[in-house]
file my_file_5.txt (compact mmCIF, C-alpha atoms)
# COMPACT_ATOMS: atom_id res chain seq x y z
CA MET A 1 101.87 91.57 -92.69
CA LYS A 2 104.66 92.55 -95.06
CA ILE A 3 106.46 90.24 -97.48
CA ASP A 4 110.14 91.10 -97.80
CA ARG A 5 111.30 88.69 -100.53
CA ILE A 6 111.06 85.11 -101.72
CA HIS A 7 112.69 82.87 -99.13
CA HIS A 8 113.40 79.88 -101.40
CA HIS A 9 112.01 77.89 -104.25
CA ASN A 10 111.55 74.14 -104.18
CA LEU A 11 112.13 71.83 -107.13
CA ARG A 12 110.61 68.36 -107.36
CA CYS A 13 112.59 65.61 -109.04
CA THR A 14 113.47 61.93 -108.91
CA PRO A 15 116.26 60.69 -106.64
CA ASP A 16 118.38 59.99 -109.73
CA ASP A 17 118.18 63.70 -110.70
CA LEU A 18 119.86 64.95 -107.51
CA PRO A 19 123.52 64.68 -108.62
CA ALA A 20 122.91 66.56 -111.91
CA ILE A 21 120.90 69.27 -110.14
CA GLU A 22 123.56 69.75 -107.45
CA LYS A 23 126.33 69.95 -110.09
CA PHE A 24 124.40 72.40 -112.29
CA TYR A 25 123.48 74.84 -109.52
CA ASP A 26 127.04 74.67 -108.12
CA GLU A 27 128.83 75.17 -111.43
CA VAL A 28 126.45 77.71 -112.98
CA LEU A 29 125.28 79.71 -109.95
CA GLY A 30 127.83 78.87 -107.26
CA LEU A 31 125.19 77.47 -104.90
CA LYS A 32 126.61 74.97 -102.41
CA LYS A 33 124.94 71.98 -100.79
CA GLY A 34 124.36 72.56 -97.10
CA PRO A 35 122.40 71.36 -94.08
CA ARG A 36 118.86 70.07 -94.62
CA PRO A 37 116.35 68.84 -92.03
CA ASN A 38 115.98 65.10 -91.73
CA PHE A 39 112.91 64.80 -93.97
CA PRO A 40 111.65 61.28 -94.85
CA ASN A 41 112.40 61.79 -98.56
CA PRO A 42 115.80 62.37 -100.21
CA GLY A 43 116.75 65.88 -101.25
CA ILE A 44 119.25 68.69 -100.94
CA TRP A 45 119.29 72.34 -99.96
CA LEU A 46 121.52 74.64 -101.99
CA TYR A 47 122.86 77.75 -100.28
CA LEU A 48 123.79 81.26 -101.39
CA ASP A 49 125.64 83.37 -98.80
CA GLY A 50 124.50 81.13 -95.95
CA HIS A 51 120.84 81.09 -97.06
CA PRO A 52 119.11 77.94 -98.40
CA LEU A 53 117.82 79.52 -101.63
CA VAL A 54 117.01 76.36 -103.61
CA HIS A 55 115.37 73.35 -101.96
CA VAL A 56 115.26 70.13 -103.96
CA SER A 57 112.82 67.38 -102.96
CA ALA A 58 113.27 63.97 -104.57
CA ARG A 59 109.68 62.86 -104.07
CA CYS A 60 108.85 61.89 -107.63
CA ALA A 61 108.99 58.53 -109.34
CA GLU A 62 110.55 58.13 -112.77
CA GLY A 63 108.16 59.50 -115.39
CA PHE A 64 106.58 62.06 -113.07
CA LEU A 65 106.60 64.68 -115.83
CA GLN A 66 103.59 62.90 -117.31
CA GLU A 67 101.54 63.82 -114.25
CA LYS A 68 98.56 66.09 -114.91
CA HIS A 69 99.11 69.48 -113.31
CA HIS A 70 96.57 72.26 -112.84
CA SER A 71 99.08 75.07 -112.59
CA SER A 72 102.60 75.85 -113.63
CA VAL A 73 105.52 77.96 -112.53
CA ASP A 74 106.81 79.59 -115.69
CA HIS A 75 110.28 80.51 -114.42
CA ILE A 76 112.39 81.56 -111.45
CA ALA A 77 114.29 84.85 -111.72
CA PHE A 78 117.48 86.08 -110.06
CA ASP A 79 118.81 89.65 -109.78
CA SER A 80 122.33 89.43 -111.18
CA HIS A 81 125.47 91.36 -112.04
CA GLY A 82 128.40 90.46 -114.32
CA ALA A 83 126.58 89.58 -117.55
CA ALA A 84 129.70 89.24 -119.73
CA GLU A 85 131.32 86.79 -117.30
CA PHE A 86 128.07 84.83 -116.96
CA GLN A 87 127.68 84.57 -120.74
CA ALA A 88 131.30 83.41 -121.10
CA LYS A 89 130.66 80.75 -118.45
CA LEU A 90 127.51 79.49 -120.19
CA ASP A 91 129.26 79.45 -123.56
CA GLY A 92 132.22 77.58 -122.07
CA MET A 93 129.87 75.01 -120.54
CA LYS A 94 127.89 74.78 -123.81
CA ILE A 95 124.63 75.64 -122.01
CA LYS A 96 121.91 76.88 -124.36
CA TYR A 97 120.22 80.16 -123.48
CA GLU A 98 118.11 82.98 -124.89
CA GLN A 99 118.66 86.68 -124.26
CA GLN A 100 116.52 89.76 -124.32
CA ASN A 101 117.03 93.41 -123.52
CA VAL A 102 113.88 95.11 -122.32
CA ALA A 103 114.19 98.87 -121.86
CA ASP A 104 113.90 99.85 -118.18
CA ALA A 105 113.37 96.20 -117.21
CA GLY A 106 116.77 94.61 -117.79
CA TYR A 107 119.09 92.55 -119.90
CA GLN A 108 118.01 88.96 -119.34
CA PHE A 109 119.19 85.40 -119.93
CA PHE A 110 116.83 82.41 -119.95
CA LEU A 111 118.07 78.83 -119.62
CA ARG A 112 116.93 75.47 -118.25
CA ASP A 113 118.33 73.42 -115.40
CA PRO A 114 118.81 69.63 -115.80
CA ILE A 115 115.13 68.88 -115.02
CA GLY A 116 113.72 71.60 -117.27
CA THR A 117 113.10 74.45 -114.81
CA VAL A 118 113.41 77.79 -116.64
CA LEU A 119 115.79 80.17 -114.90
CA GLU A 120 115.89 83.91 -115.64
CA PHE A 121 118.90 86.06 -114.79
CA ASN A 122 118.26 89.82 -114.72
CA PHE A 123 121.19 92.17 -115.30
CA PRO A 124 121.14 95.96 -115.58
CA ASN A 125 120.41 97.17 -119.12
CA SER A 126 123.83 98.83 -119.09
CA GLU A 127 125.46 95.36 -119.12
CA ALA A 128 123.84 94.36 -122.43
CA PRO A 129 126.31 93.99 -125.31
CA ASP A 130 125.76 95.97 -128.51
CA ALA A 131 124.71 92.71 -130.22
CA VAL A 132 121.57 92.58 -128.02
CA ALA A 133 119.96 95.94 -128.73
CA SER A 134 117.32 97.50 -126.52
CA GLY A 135 113.94 96.08 -127.52
CA THR A 136 115.33 92.63 -128.38
CA LEU A 137 112.94 89.92 -127.14
CA SER A 138 113.65 86.22 -126.65
CA LYS A 139 111.73 83.52 -128.53
CA ARG A 140 109.92 82.58 -125.34
CA GLN A 141 108.07 85.94 -125.39
CA THR A 142 106.23 85.00 -128.57
CA ALA A 143 105.98 81.23 -128.15
CA THR A 144 102.58 79.71 -127.42
CA ALA A 145 102.29 76.77 -125.05
CA ALA A 146 101.03 73.56 -126.56
call {"tool": "encode", "arguments": {"input": "my_file_5.txt", "output": "structure tokens"}}
result
Amino acid sequence: MKIDRIHHHNLRCTPDDLPAIEKFYDEVLGLKKGPRPNFPNPGIWLYLDGHPLVHVSARCAEGFLQEKHHSSVDHIAFDSHGAAEFQAKLDGMKIKYEQQNVADAGYQFFLRDPIGTVLEFNFPNSEAPDAVASGTLSKRQTATAA
């Protein structure tokens, strides 16, 4: 067996979260709502170049974030290009983000979607502006979980 790549990631949310999630992923990443099997629960599939990259399942009741979990996904990362345009878009939309520039690993942005999922966007180090010098780490690298 050989794994080629991640096929999709699935977000859980409440039915009321669906419109904000669809809008965010469309406006920030350009993902478009597309066909989804007729599952018994509400949800959406968001497509990139004809591929359903983000699945959203509205199977949670209000207040589900108080559930006890035994594991956690820290973040979801995307290979990206066009850092200056992406930063201008985030700034224009007033979306908060952190940046870091790790030598030989990439110039990275971290932000949260409307339900709190951390998203990481990896750009080539060569796209980092002078203001984010090589070796700059984001706050999340030194933060300790509560």
call {"tool": "closest_atom_pairs", "arguments": {"input": "my_file_5.txt", "of": "segment 11-38 of chain A", "to": "segment 42-63 of chain A", "cutoff": "8 Å", "atoms": "all atoms listed in the file", "output": "tab-separated table"}}
result
residue	atom	partner	partner_atom	distance
A:Leu11	CA	A:Val56	CA	4.8
A:Arg12	CA	A:Ser57	CA	5.0
A:Cys13	CA	A:Ala58	CA	4.8
A:Thr14	CA	A:Cys60	CA	4.8
A:Pro15	CA	A:Ala58	CA	4.9
A:Asp17	CA	A:Ala58	CA	7.9
A:Leu18	CA	A:Gly43	CA	7.1
A:Glu22	CA	A:Leu46	CA	7.6
A:Tyr25	CA	A:Leu46	CA	7.8
A:Gly30	CA	A:Leu48	CA	7.5
A:Leu31	CA	A:Tyr47	CA	5.2
A:Lys32	CA	A:Leu46	CA	5.1
A:Lys33	CA	A:Leu46	CA	4.5
A:Gly34	CA	A:Trp45	CA	5.8
A:Pro35	CA	A:Trp45	CA	6.7
A:Arg36	CA	A:Trp45	CA	5.8
call {"tool": "closest_residue", "arguments": {"input": "my_file_5.txt", "among": "A:Leu111, A:Glu27, A:Asn101, A:His7", "to": "Pro129 of chain A", "atoms": "all atoms listed in the file"}}
result
A:Asn101
call {"tool": "atom_distance", "arguments": {"input": "my_file_5.txt", "atom1": "atom CA of Leu90 of chain A", "atom2": "atom CA of Ile21 of chain A"}}
result
15.8 Å
call {"tool": "atom_distance", "arguments": {"input": "my_file_5.txt", "atom1": "atom CA of Pro40 of chain A", "atom2": "atom CA of His9 of chain A"}}
result
19.1 Å
call {"tool": "atom_distance", "arguments": {"input": "my_file_5.txt", "atom1": "atom CA of Leu29 of chain A", "atom2": "atom CA of Gly135 of chain A"}}
result
26.6 Å
call {"tool": "residues_around", "arguments": {"input": "my_file_5.txt", "residues": "segment 112-127 of chain A", "least_positions_apart": "2", "cutoff": "10 Å", "atoms": "all atoms listed in the file", "output": "count of residues only"}}
result
48
